[in-house]
Amino acid sequence: MTELSTQLLGPADLAKAAMMLQSGRLVAFPTETVYGLGANAKDGDAVAAIYAAKTRPSFNPLIVHVASLAQAEALARFDDNARALAQAFWPGPMSLVLPLKPDHGLSSLVTAGLETVAIRMPAQPLARKLLTLADCPVAAPSANPSGQISPTTAAHVLDGLSGRIDAVLDGGPCDVGVESTIISTNPLRLLRHGGLPAEALEAALGCSLMQDLNPDIPAAPGQLTSHYAPDAQVVLNQLEGDLMLGFGDVGGQLNLSPSGDLHEAAANLFAMLRQMDKLAKGANGAGQFTVAPIPMTGLGLAINDRLTRAAAPRSG
């Protein structure tokens with residue numbers, strides 16, 4: 001692909017970033033979860049450019065980001081459960097997979113040919129202002145080369161995509177640090193653990209959620225077995241190691257949260273995976289690091305999901 005001159009934009013450049021999205025260009029922007037690589041979701045050429053920039057497989061659908069519930073309802077059909085969840089958790093780190101309306105106008109590349117679409121309304125203030133100014137649905141997967149570690153700072157985006165995209169809007173580090181939780185309401189099932197704990201969804205719905213996290217055909221992003229992967233080999237649930245990513249009382253070269261706080265650990269996860277990857281490459285060519293056990297509750301489910309995919313054998 002032709003190399004682009006990637007611009008680094010700040011909050012003062014919001015109007016420029018919005019105009020770039022409207023005109024079919026690629027703009028990475030911050031959300032509370034991770035940085036997303038945005039394109040006008042109704043512009044097929046712009047959406048195709050996302051796949052090209054990320055070298056993302058075309059069978060892997062994208063999440064559409066919206067500024068309002070009304071904008072979402074113009075694209076998809078909301079049942080009672082979907083509307084209740086949107087009212088409870090939007091704006092926030094939750095994506096809903098819903099049936100498309102006949103006149104949705106989205107590029108078929110967004111949905112990977114499915115009859116459903118994943119939609120979310122981010123809470124990050126700069127993202128909300130950008131989406132409002134752009135006044136179009138914005139397809140935005142994580143702003144990194146496909147399968148690699150997701151970005152939580154503008155520098156992470158430039159590290160992976162500089163020269164492949166038009167601009168990065170710098171809004172500082174992401175607060176949540178793992179991607180959105182994805183849920184389908186028809187049928188009702190959890191498709192991806194994320195920044196909103198599954199327990200909160202179940203409490204709002206008044207029922208337990210079935211899970212479909214690794215389907216043969218992805219219904220939502222982040223369902224591929226090998227994903228969020230550093231170059232180094234990752235060995236999970238260890239209490240010691242020469243090169244160690246710790247948690248709580250289990251120390252290491254880096255520690256996701258010395259106090260055992262899962263929110264802090266989630267916010268640190270991707271940045272520390274990047275740092276551990278660099279340390280592993282420099283540790284006499286060891287190319288491996290270990291990770292301490294993380295509790296399987298609350299945000300720990302999302303953290304363990306990302307770590308398991310990071311540690312999975314690479315395909316191809």
# chains A, B, ... in the order shown; residues from 1 in each chain; ligands from 1

$ select_by_dssp --residues "segment 180-300 of chain A" --states "alpha helix (DSSP H)" --output "PyMOL selection string"
chain A and resi 198-205+262-282+299-300

$ closest_atom_pairs --of "segment 43-155 of chain A" --to "segment 188-206 of chain A" --cutoff "10 Å" --atoms "only C-alpha atoms" --output "JSON lines"
{"residue": "A:Asn81", "atom": "CA", "partner": "A:Leu205", "partner_atom": "CA", "distance": 7.2}
{"residue": "A:Ala82", "atom": "CA", "partner": "A:Leu188", "partner_atom": "CA", "distance": 9.5}
{"residue": "A:Ala84", "atom": "CA", "partner": "A:Ala204", "partner_atom": "CA", "distance": 8.0}
{"residue": "A:Leu85", "atom": "CA", "partner": "A:Ala204", "partner_atom": "CA", "distance": 7.2}
{"residue": "A:Ala88", "atom": "CA", "partner": "A:Ala204", "partner_atom": "CA", "distance": 7.7}
{"residue": "A:Phe89", "atom": "CA", "partner": "A:Leu196", "partner_atom": "CA", "distance": 8.5}
{"residue": "A:Gly92", "atom": "CA", "partner": "A:Leu196", "partner_atom": "CA", "distance": 8.0}
{"residue": "A:Pro93", "atom": "CA", "partner": "A:Gly195", "partner_atom": "CA", "distance": 5.4}
{"residue": "A:Met94", "atom": "CA", "partner": "A:Leu196", "partner_atom": "CA", "distance": 6.3}
{"residue": "A:Ser95", "atom": "CA", "partner": "A:Arg192", "partner_atom": "CA", "distance": 9.4}
{"residue": "A:Leu96", "atom": "CA", "partner": "A:Leu191", "partner_atom": "CA", "distance": 9.6}
{"residue": "A:Val97", "atom": "CA", "partner": "A:Leu191", "partner_atom": "CA", "distance": 8.8}

$ residues_around --residues "segment 108-113 of chain A" --least-positions-apart "6" --cutoff "6 Å" --atoms "only C-alpha atoms" --output "PDB file with N, CA and C atoms, in the first residue's frame"
ATOM      1  N   PHE A  59     -13.125 -11.676   6.997  1.00  0.00           N
ATOM      2  CA  PHE A  59     -14.240 -12.364   7.649  1.00  0.00           C
ATOM      3  C   PHE A  59     -14.414 -11.919   9.095  1.00  0.00           C
ATOM      4  N   PRO A  61     -15.581  -9.152  11.516  1.00  0.00           N
ATOM      5  CA  PRO A  61     -16.389  -7.921  11.451  1.00  0.00           C
ATOM      6  C   PRO A  61     -15.842  -6.810  12.341  1.00  0.00           C
ATOM      7  N   LEU A  62     -16.359  -5.599  12.110  1.00  0.00           N
ATOM      8  CA  LEU A  62     -15.911  -4.408  12.825  1.00  0.00           C
ATOM      9  C   LEU A  62     -17.016  -3.889  13.742  1.00  0.00           C
TER      10      LEU A  62
END

$ residues_around --residues "segment 287-289 of chain A" --least-positions-apart "2" --cutoff "10 Å" --atoms "only C-alpha atoms" --output "VMD selection string"
chain A and resid 230 to 236 238 241 to 245 273 276 to 285 291

$ write_last_selection --atoms "N, CA and C atoms" --output "mmCIF file, in the first residue's frame"
data_model
loop_
_atom_site.group_PDB
_atom_site.id
_atom_site.type_symbol
_atom_site.label_atom_id
_atom_site.label_comp_id
_atom_site.auth_asym_id
_atom_site.auth_seq_id
_atom_site.Cartn_x
_atom_site.Cartn_y
_atom_site.Cartn_z
ATOM 1 N N PRO A 230 1.908 -10.686 21.352
ATOM 2 C CA PRO A 230 3.277 -10.182 21.225
ATOM 3 C C PRO A 230 4.105 -11.148 20.374
ATOM 4 N N ASP A 231 5.312 -10.736 20.005
ATOM 5 C CA ASP A 231 6.193 -11.634 19.252
ATOM 6 C C ASP A 231 6.730 -12.745 20.142
ATOM 7 N N ALA A 232 6.994 -12.420 21.401
ATOM 8 C CA ALA A 232 7.529 -13.409 22.337
ATOM 9 C C ALA A 232 6.463 -14.433 22.729
ATOM 10 N N GLN A 233 6.921 -15.602 23.139
ATOM 11 C CA GLN A 233 6.003 -16.619 23.659
ATOM 12 C C GLN A 233 5.553 -16.217 25.060
ATOM 13 N N VAL A 234 4.273 -16.396 25.342
ATOM 14 C CA VAL A 234 3.695 -16.034 26.633
ATOM 15 C C VAL A 234 3.288 -17.309 27.367
ATOM 16 N N VAL A 235 3.751 -17.462 28.594
ATOM 17 C CA VAL A 235 3.438 -18.633 29.415
ATOM 18 C C VAL A 235 2.627 -18.152 30.612
ATOM 19 N N LEU A 236 1.413 -18.651 30.747
ATOM 20 C CA LEU A 236 0.466 -18.109 31.720
ATOM 21 C C LEU A 236 0.469 -18.868 33.043
ATOM 22 N N GLN A 238 1.912 -18.551 36.045
ATOM 23 C CA GLN A 238 3.167 -18.953 36.661
ATOM 24 C C GLN A 238 3.406 -18.144 37.933
ATOM 25 N N GLY A 241 9.606 -16.945 37.274
ATOM 26 C CA GLY A 241 10.155 -16.975 35.922
ATOM 27 C C GLY A 241 11.286 -15.977 35.810
ATOM 28 N N ASP A 242 12.211 -16.237 34.866
ATOM 29 C CA ASP A 242 13.337 -15.334 34.681
ATOM 30 C C ASP A 242 12.874 -13.958 34.210
ATOM 31 N N LEU A 243 11.816 -13.951 33.398
ATOM 32 C CA LEU A 243 11.236 -12.704 32.906
ATOM 33 C C LEU A 243 9.742 -12.788 33.188
ATOM 34 N N MET A 244 9.275 -11.976 34.141
ATOM 35 C CA MET A 244 7.967 -12.199 34.756
ATOM 36 C C MET A 244 7.109 -10.940 34.718
ATOM 37 N N LEU A 245 5.845 -11.112 34.293
ATOM 38 C CA LEU A 245 4.825 -10.071 34.434
ATOM 39 C C LEU A 245 3.986 -10.447 35.644
ATOM 40 N N LEU A 273 2.268 -5.600 28.274
ATOM 41 C CA LEU A 273 2.589 -6.681 27.336
ATOM 42 C C LEU A 273 3.599 -6.194 26.296
ATOM 43 N N MET A 276 6.975 -6.012 28.087
ATOM 44 C CA MET A 276 7.524 -7.351 28.314
ATOM 45 C C MET A 276 8.028 -7.965 27.013
ATOM 46 N N ASP A 277 7.340 -7.696 25.918
ATOM 47 C CA ASP A 277 7.762 -8.198 24.615
ATOM 48 C C ASP A 277 9.144 -7.649 24.257
ATOM 49 N N LYS A 278 9.352 -6.347 24.502
ATOM 50 C CA LYS A 278 10.657 -5.742 24.222
ATOM 51 C C LYS A 278 11.734 -6.317 25.138
ATOM 52 N N LEU A 279 11.394 -6.520 26.406
ATOM 53 C CA LEU A 279 12.365 -7.112 27.335
ATOM 54 C C LEU A 279 12.730 -8.533 26.910
ATOM 55 N N ALA A 280 11.722 -9.297 26.456
ATOM 56 C CA ALA A 280 11.972 -10.683 26.044
ATOM 57 C C ALA A 280 12.885 -10.735 24.824
ATOM 58 N N LYS A 281 12.699 -9.803 23.904
ATOM 59 C CA LYS A 281 13.545 -9.781 22.708
ATOM 60 C C LYS A 281 14.988 -9.447 23.069
ATOM 61 N N GLY A 282 15.158 -8.661 24.144
ATOM 62 C CA GLY A 282 16.511 -8.259 24.528
ATOM 63 C C GLY A 282 17.163 -9.161 25.554
ATOM 64 N N ALA A 283 16.416 -10.116 26.101
ATOM 65 C CA ALA A 283 16.935 -10.987 27.169
ATOM 66 C C ALA A 283 17.678 -12.173 26.565
ATOM 67 N N ASN A 284 18.823 -11.877 25.975
ATOM 68 C CA ASN A 284 19.649 -12.932 25.379
ATOM 69 C C ASN A 284 18.865 -13.786 24.384
ATOM 70 N N GLY A 285 17.940 -13.131 23.706
ATOM 71 C CA GLY A 285 17.168 -13.856 22.701
ATOM 72 C C GLY A 285 16.203 -14.870 23.274
ATOM 73 N N VAL A 291 3.596 -15.032 33.030
ATOM 74 C CA VAL A 291 2.588 -14.130 33.586
ATOM 75 C C VAL A 291 1.989 -14.776 34.828
#

$ select_by_dssp --residues "segment 195-283 of chain A" --states "strand (DSSP E or B)" --output "ChimeraX atom specification"
/A:210-211,233-235,244-247,250,254-255

$ write_last_selection --atoms "N, CA, C and O atoms" --output "PDB file, in the first residue's frame"
ATOM      1  N   MET A 210     -25.282 -17.226  28.464  1.00  0.00           N
ATOM      2  CA  MET A 210     -24.552 -18.237  27.721  1.00  0.00           C
ATOM      3  C   MET A 210     -23.361 -17.560  27.057  1.00  0.00           C
ATOM      4  O   MET A 210     -23.398 -16.365  26.750  1.00  0.00           O
ATOM      5  N   GLN A 211     -22.283 -18.328  26.805  1.00  0.00           N
ATOM      6  CA  GLN A 211     -21.091 -17.762  26.191  1.00  0.00           C
ATOM      7  C   GLN A 211     -20.805 -18.432  24.854  1.00  0.00           C
ATOM      8  O   GLN A 211     -20.980 -19.644  24.706  1.00  0.00           O
ATOM      9  N   GLN A 233       6.921 -15.602  23.139  1.00  0.00           N
ATOM     10  CA  GLN A 233       6.003 -16.619  23.659  1.00  0.00           C
ATOM     11  C   GLN A 233       5.553 -16.217  25.060  1.00  0.00           C
ATOM     12  O   GLN A 233       6.363 -15.758  25.882  1.00  0.00           O
ATOM     13  N   VAL A 234       4.273 -16.396  25.342  1.00  0.00           N
ATOM     14  CA  VAL A 234       3.695 -16.034  26.633  1.00  0.00           C
ATOM     15  C   VAL A 234       3.288 -17.309  27.367  1.00  0.00           C
ATOM     16  O   VAL A 234       2.556 -18.144  26.819  1.00  0.00           O
ATOM     17  N   VAL A 235       3.751 -17.462  28.594  1.00  0.00           N
ATOM     18  CA  VAL A 235       3.438 -18.633  29.415  1.00  0.00           C
ATOM     19  C   VAL A 235       2.627 -18.152  30.612  1.00  0.00           C
ATOM     20  O   VAL A 235       3.103 -17.334  31.414  1.00  0.00           O
ATOM     21  N   MET A 244       9.275 -11.976  34.141  1.00  0.00           N
ATOM     22  CA  MET A 244       7.967 -12.199  34.756  1.00  0.00           C
ATOM     23  C   MET A 244       7.109 -10.940  34.718  1.00  0.00           C
ATOM     24  O   MET A 244       7.564  -9.849  35.043  1.00  0.00           O
ATOM     25  N   LEU A 245       5.845 -11.112  34.293  1.00  0.00           N
ATOM     26  CA  LEU A 245       4.825 -10.071  34.434  1.00  0.00           C
ATOM     27  C   LEU A 245       3.986 -10.447  35.644  1.00  0.00           C
ATOM     28  O   LEU A 245       3.247 -11.430  35.619  1.00  0.00           O
ATOM     29  N   GLY A 246       4.144  -9.689  36.715  1.00  0.00           N
ATOM     30  CA  GLY A 246       3.521 -10.058  37.972  1.00  0.00           C
ATOM     31  C   GLY A 246       2.128  -9.480  38.160  1.00  0.00           C
ATOM     32  O   GLY A 246       1.638  -8.669  37.369  1.00  0.00           O
ATOM     33  N   PHE A 247       1.516  -9.915  39.244  1.00  0.00           N
ATOM     34  CA  PHE A 247       0.215  -9.395  39.678  1.00  0.00           C
ATOM     35  C   PHE A 247       0.106  -9.622  41.173  1.00  0.00           C
ATOM     36  O   PHE A 247       0.387 -10.719  41.674  1.00  0.00           O
ATOM     37  N   VAL A 250       2.720 -11.597  43.574  1.00  0.00           N
ATOM     38  CA  VAL A 250       3.679 -12.253  42.683  1.00  0.00           C
ATOM     39  C   VAL A 250       4.410 -11.169  41.897  1.00  0.00           C
ATOM     40  O   VAL A 250       3.832 -10.498  41.049  1.00  0.00           O
ATOM     41  N   LEU A 254       7.870  -6.341  35.750  1.00  0.00           N
ATOM     42  CA  LEU A 254       6.737  -5.420  35.765  1.00  0.00           C
ATOM     43  C   LEU A 254       5.609  -6.087  36.534  1.00  0.00           C
ATOM     44  O   LEU A 254       5.542  -7.321  36.618  1.00  0.00           O
ATOM     45  N   ASN A 255       4.688  -5.274  37.093  1.00  0.00           N
ATOM     46  CA  ASN A 255       3.565  -5.827  37.838  1.00  0.00           C
ATOM     47  C   ASN A 255       2.294  -5.098  37.419  1.00  0.00           C
ATOM     48  O   ASN A 255       2.216  -3.866  37.498  1.00  0.00           O
TER      49      ASN A 255
END

$ closest_residue --among "A:Ile183, A:Val178, A:Ala53, A:Ala311" --to "Ala271 of chain A" --atoms "only C-alpha atoms"
A:Val178
